[in-house]
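Data first, discussion second: the structure below is written as structure tokens.
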Amino acid sequence: MNMRDTITKIILLSSLMITSYSFGQSIKPHTIGIVVSDIEKATKWYETVLDIKLYKEMAFPEYDSLKINFLKGKEFRLELMEKKSSFAITKYVADYSLNN
């Protein structure tokens, strides 16, 4: 596992823990969606790292070759999405900012 994969795993697992324990409540995520550049590689990685299994694949060639893989574990589901091209949200939403 390279450094980038390790950091990704730490961030994902940290996010799950923060969500689960925020405000002293036992809140657990149900579904998490992630956009990836290589859906086959990402699917194998998440199956291995999080011990979750692929249960459904969908493809929409008419929508810029959109692919969606659905993975499921005991506690939550993961949706991985891959699309040929991307866009900058600032192109479509003039006042969009992560700093607000």
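Every chain in the structure tokens takes a letter, A first, then B, and so on in the order presented; its residues are numbered from 1, and the ligands are numbered from 1 following the presented order.
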So that I can see what lies close to region 40-48 of chain A, please list as number ranges by chain the residues with an atom at most 10 Å from it, counting only C-alpha atoms and leaving out residues fewer than 6 positions away in the same chain. A: 1, 5, 9, 34, 54, 67, 69-73, 78-82
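Take CA of Lys83 (chain A) and CA of Ser65 (chain A): the distance between them is 5.9 Å.
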Counting only C-alpha atoms, the residue among A:Asp95, A:Tyr55, A:Val49, A:Leu66 that lies closest to Val35 (chain A) is A:Leu66
